[in-house]
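Worksheet for the structure shown next.
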Amino acid sequence: MTGAVATTGMLKISELAERSGVSAGTIKHYLREGLLGGEDEVVRTSRNMAYYPPGFVERIQLIKRLQEERFMPLRVIRELMSADPDRAARMIELEDRILDEGRVARND
């Protein structure tokens, strides 16, 4: 099949929104802000459809968490994510464990 675009395993924006728990508008905003990586990860078809990698789900959830729980502005999140997104996720996990241990110790 000549000219076909491989979209197996990729997500439409509606599926990405549903799985990540944010609106399609939020995803488009994150894309415009450069928070979800490069355009090379997004597959665009000749019918003007876009498909996104499943890994974007966790990235979007992490961004939302940094905004809501850590009160980070998108500018700071973009810098953090562009440097090392896995490190950002590990940092949050570590902070959560420390906070949980503090709560347990306080309740004992």
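Ordering of the structure tokens sets the chain letters (A, B, ...); residue numbers start at 1 within each chain; ligands are numbered from 1 in the order shown.
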
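Within 10 Å of Ser82 of chain A, once only C-alpha atoms are used and residues closer than 2 positions along the same chain are dropped, the contacting residues are Gly34, Leu35, Leu36, Gly37, Gly38, Val76, Ile77, Arg78, Glu79, Leu80, Asp84, Pro85 and Ala88 of chain A.
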
| Contacts of Gly9 of chain A at 9 Å or less, counting only C-alpha atoms, minus same-chain residues fewer than 4 places along, as a PyMOL selection string? | chain A and resi 52-54

Selection export as a CSV table (one decimal), in the first residue's frame, atoms kept: N, CA and C atoms:
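Once everything was written out, this is again.csv:
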```csv
chain,number,residue,atom,x,y,z
A,52,TYR,N,-1.2,10.3,17.8
A,52,TYR,CA,-0.2,10.6,18.9
A,52,TYR,C,0.3,9.3,19.5
A,53,PRO,N,1.6,9.2,19.9
A,53,PRO,CA,2.1,8.0,20.6
A,53,PRO,C,1.5,7.8,22.0
A,54,PRO,N,1.2,6.6,22.3
A,54,PRO,CA,0.7,6.3,23.6
A,54,PRO,C,1.5,6.8,24.8
```

When DSSP is applied to the backbone of this structure, which of chain A are assigned alpha helix (DSSP H)? Write them out as a PDB file with C-alpha atoms, in the first residue's frame.
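What landed in result-v4.pdb:
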```pdb
ATOM      1  CA  ILE A  13      -6.643  13.219  19.957  1.00  0.00           C
ATOM      2  CA  SER A  14     -10.031  12.158  21.383  1.00  0.00           C
ATOM      3  CA  GLU A  15      -8.515   8.874  22.606  1.00  0.00           C
ATOM      4  CA  LEU A  16      -5.487  10.678  24.000  1.00  0.00           C
ATOM      5  CA  ALA A  17      -7.760  13.113  25.838  1.00  0.00           C
ATOM      6  CA  GLU A  18      -9.862  10.317  27.302  1.00  0.00           C
ATOM      7  CA  ARG A  19      -6.877   8.264  28.474  1.00  0.00           C
ATOM      8  CA  SER A  20      -4.960  11.208  29.908  1.00  0.00           C
ATOM      9  CA  ALA A  24      -8.433  17.966  23.514  1.00  0.00           C
ATOM     10  CA  GLY A  25      -8.035  21.742  23.886  1.00  0.00           C
ATOM     11  CA  THR A  26      -5.537  21.226  26.708  1.00  0.00           C
ATOM     12  CA  ILE A  27      -3.568  18.765  24.577  1.00  0.00           C
ATOM     13  CA  LYS A  28      -3.483  21.230  21.680  1.00  0.00           C
ATOM     14  CA  HIS A  29      -2.274  23.925  24.079  1.00  0.00           C
ATOM     15  CA  TYR A  30       0.486  21.643  25.386  1.00  0.00           C
ATOM     16  CA  LEU A  31       1.507  20.902  21.785  1.00  0.00           C
ATOM     17  CA  ARG A  32       1.669  24.616  20.941  1.00  0.00           C
ATOM     18  CA  GLY A  55       3.602   7.610  25.682  1.00  0.00           C
ATOM     19  CA  PHE A  56       1.979  11.042  25.517  1.00  0.00           C
ATOM     20  CA  VAL A  57      -0.651   9.829  28.034  1.00  0.00           C
ATOM     21  CA  GLU A  58       1.866   9.605  30.885  1.00  0.00           C
ATOM     22  CA  ARG A  59       3.591  12.803  29.806  1.00  0.00           C
ATOM     23  CA  ILE A  60       0.294  14.730  29.839  1.00  0.00           C
ATOM     24  CA  GLN A  61      -0.618  13.301  33.239  1.00  0.00           C
ATOM     25  CA  LEU A  62       2.795  14.327  34.574  1.00  0.00           C
ATOM     26  CA  ILE A  63       2.405  17.868  33.212  1.00  0.00           C
ATOM     27  CA  LYS A  64      -1.051  18.189  34.767  1.00  0.00           C
ATOM     28  CA  ARG A  65       0.289  16.892  38.069  1.00  0.00           C
ATOM     29  CA  LEU A  66       3.179  19.357  38.073  1.00  0.00           C
ATOM     30  CA  GLN A  67       0.712  22.168  37.413  1.00  0.00           C
ATOM     31  CA  GLU A  68      -1.892  21.186  39.989  1.00  0.00           C
ATOM     32  CA  GLU A  69       0.143  19.643  42.803  1.00  0.00           C
ATOM     33  CA  ARG A  70       3.452  21.487  42.499  1.00  0.00           C
ATOM     34  CA  LEU A  74       4.189  25.760  32.020  1.00  0.00           C
ATOM     35  CA  ARG A  75       7.462  27.553  31.242  1.00  0.00           C
ATOM     36  CA  VAL A  76       9.214  25.730  34.095  1.00  0.00           C
ATOM     37  CA  ILE A  77       7.550  22.435  33.170  1.00  0.00           C
ATOM     38  CA  ARG A  78       8.724  22.815  29.561  1.00  0.00           C
ATOM     39  CA  GLU A  79      12.322  23.314  30.722  1.00  0.00           C
ATOM     40  CA  LEU A  80      12.107  20.351  33.081  1.00  0.00           C
ATOM     41  CA  MET A  81      10.503  18.083  30.478  1.00  0.00           C
ATOM     42  CA  SER A  82      12.927  19.025  27.718  1.00  0.00           C
ATOM     43  CA  ALA A  83      15.911  18.295  29.966  1.00  0.00           C
ATOM     44  CA  PRO A  85      11.108  13.861  31.466  1.00  0.00           C
ATOM     45  CA  ASP A  86      11.929  10.580  33.227  1.00  0.00           C
ATOM     46  CA  ARG A  87      13.873  12.473  35.881  1.00  0.00           C
ATOM     47  CA  ALA A  88      10.851  14.724  36.468  1.00  0.00           C
ATOM     48  CA  ALA A  89       8.638  11.686  37.032  1.00  0.00           C
ATOM     49  CA  ARG A  90      11.172  10.113  39.421  1.00  0.00           C
ATOM     50  CA  MET A  91      11.453  13.402  41.316  1.00  0.00           C
ATOM     51  CA  ILE A  92       7.698  13.518  41.894  1.00  0.00           C
ATOM     52  CA  GLU A  93       7.628   9.876  43.022  1.00  0.00           C
ATOM     53  CA  LEU A  94      10.422  10.582  45.510  1.00  0.00           C
ATOM     54  CA  GLU A  95       8.703  13.715  46.830  1.00  0.00           C
ATOM     55  CA  ASP A  96       5.438  11.786  47.218  1.00  0.00           C
ATOM     56  CA  ARG A  97       7.190   9.047  49.222  1.00  0.00           C
ATOM     57  CA  ILE A  98       8.834  11.635  51.481  1.00  0.00           C
ATOM     58  CA  LEU A  99       5.511  13.418  52.042  1.00  0.00           C
ATOM     59  CA  ASP A 100       3.729  10.110  52.751  1.00  0.00           C
ATOM     60  CA  GLU A 101       6.406   9.084  55.252  1.00  0.00           C
ATOM     61  CA  GLY A 102       6.101  12.489  56.939  1.00  0.00           C
ATOM     62  CA  ARG A 103       2.340  12.063  57.260  1.00  0.00           C
ATOM     63  CA  VAL A 104       2.732   8.570  58.730  1.00  0.00           C
ATOM     64  CA  ALA A 105       5.373   9.743  61.192  1.00  0.00           C
ATOM     65  CA  ARG A 106       3.197  12.678  62.231  1.00  0.00           C
ATOM     66  CA  ASN A 107       0.204  10.382  62.865  1.00  0.00           C
TER      67      ASN A 107
END
```

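With atom CA of Met10 of chain A on one side and atom CA of Arg47 of chain A on the other, the separation reads 15.8 Å.
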
| If you measure from atom CA of Gly21 of chain A to atom CA of Met72 of chain A, what distance in Å do you get, rounded to one decimal? |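 Between atom CA of Gly21 of chain A and atom CA of Met72 of chain A the gap is 18.7 Å.
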
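Of note, atom CA of Tyr51 of chain A and atom CA of Lys12 of chain A are spaced 4.9 Å apart.
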
| said: DSSP on the backbone, strand (DSSP E or B) only: what residues of chain A does that give? Format it as a list in words. | reply: Leu11, Val43, Arg44, Ala50, Tyr51 and Tyr52 of chain A
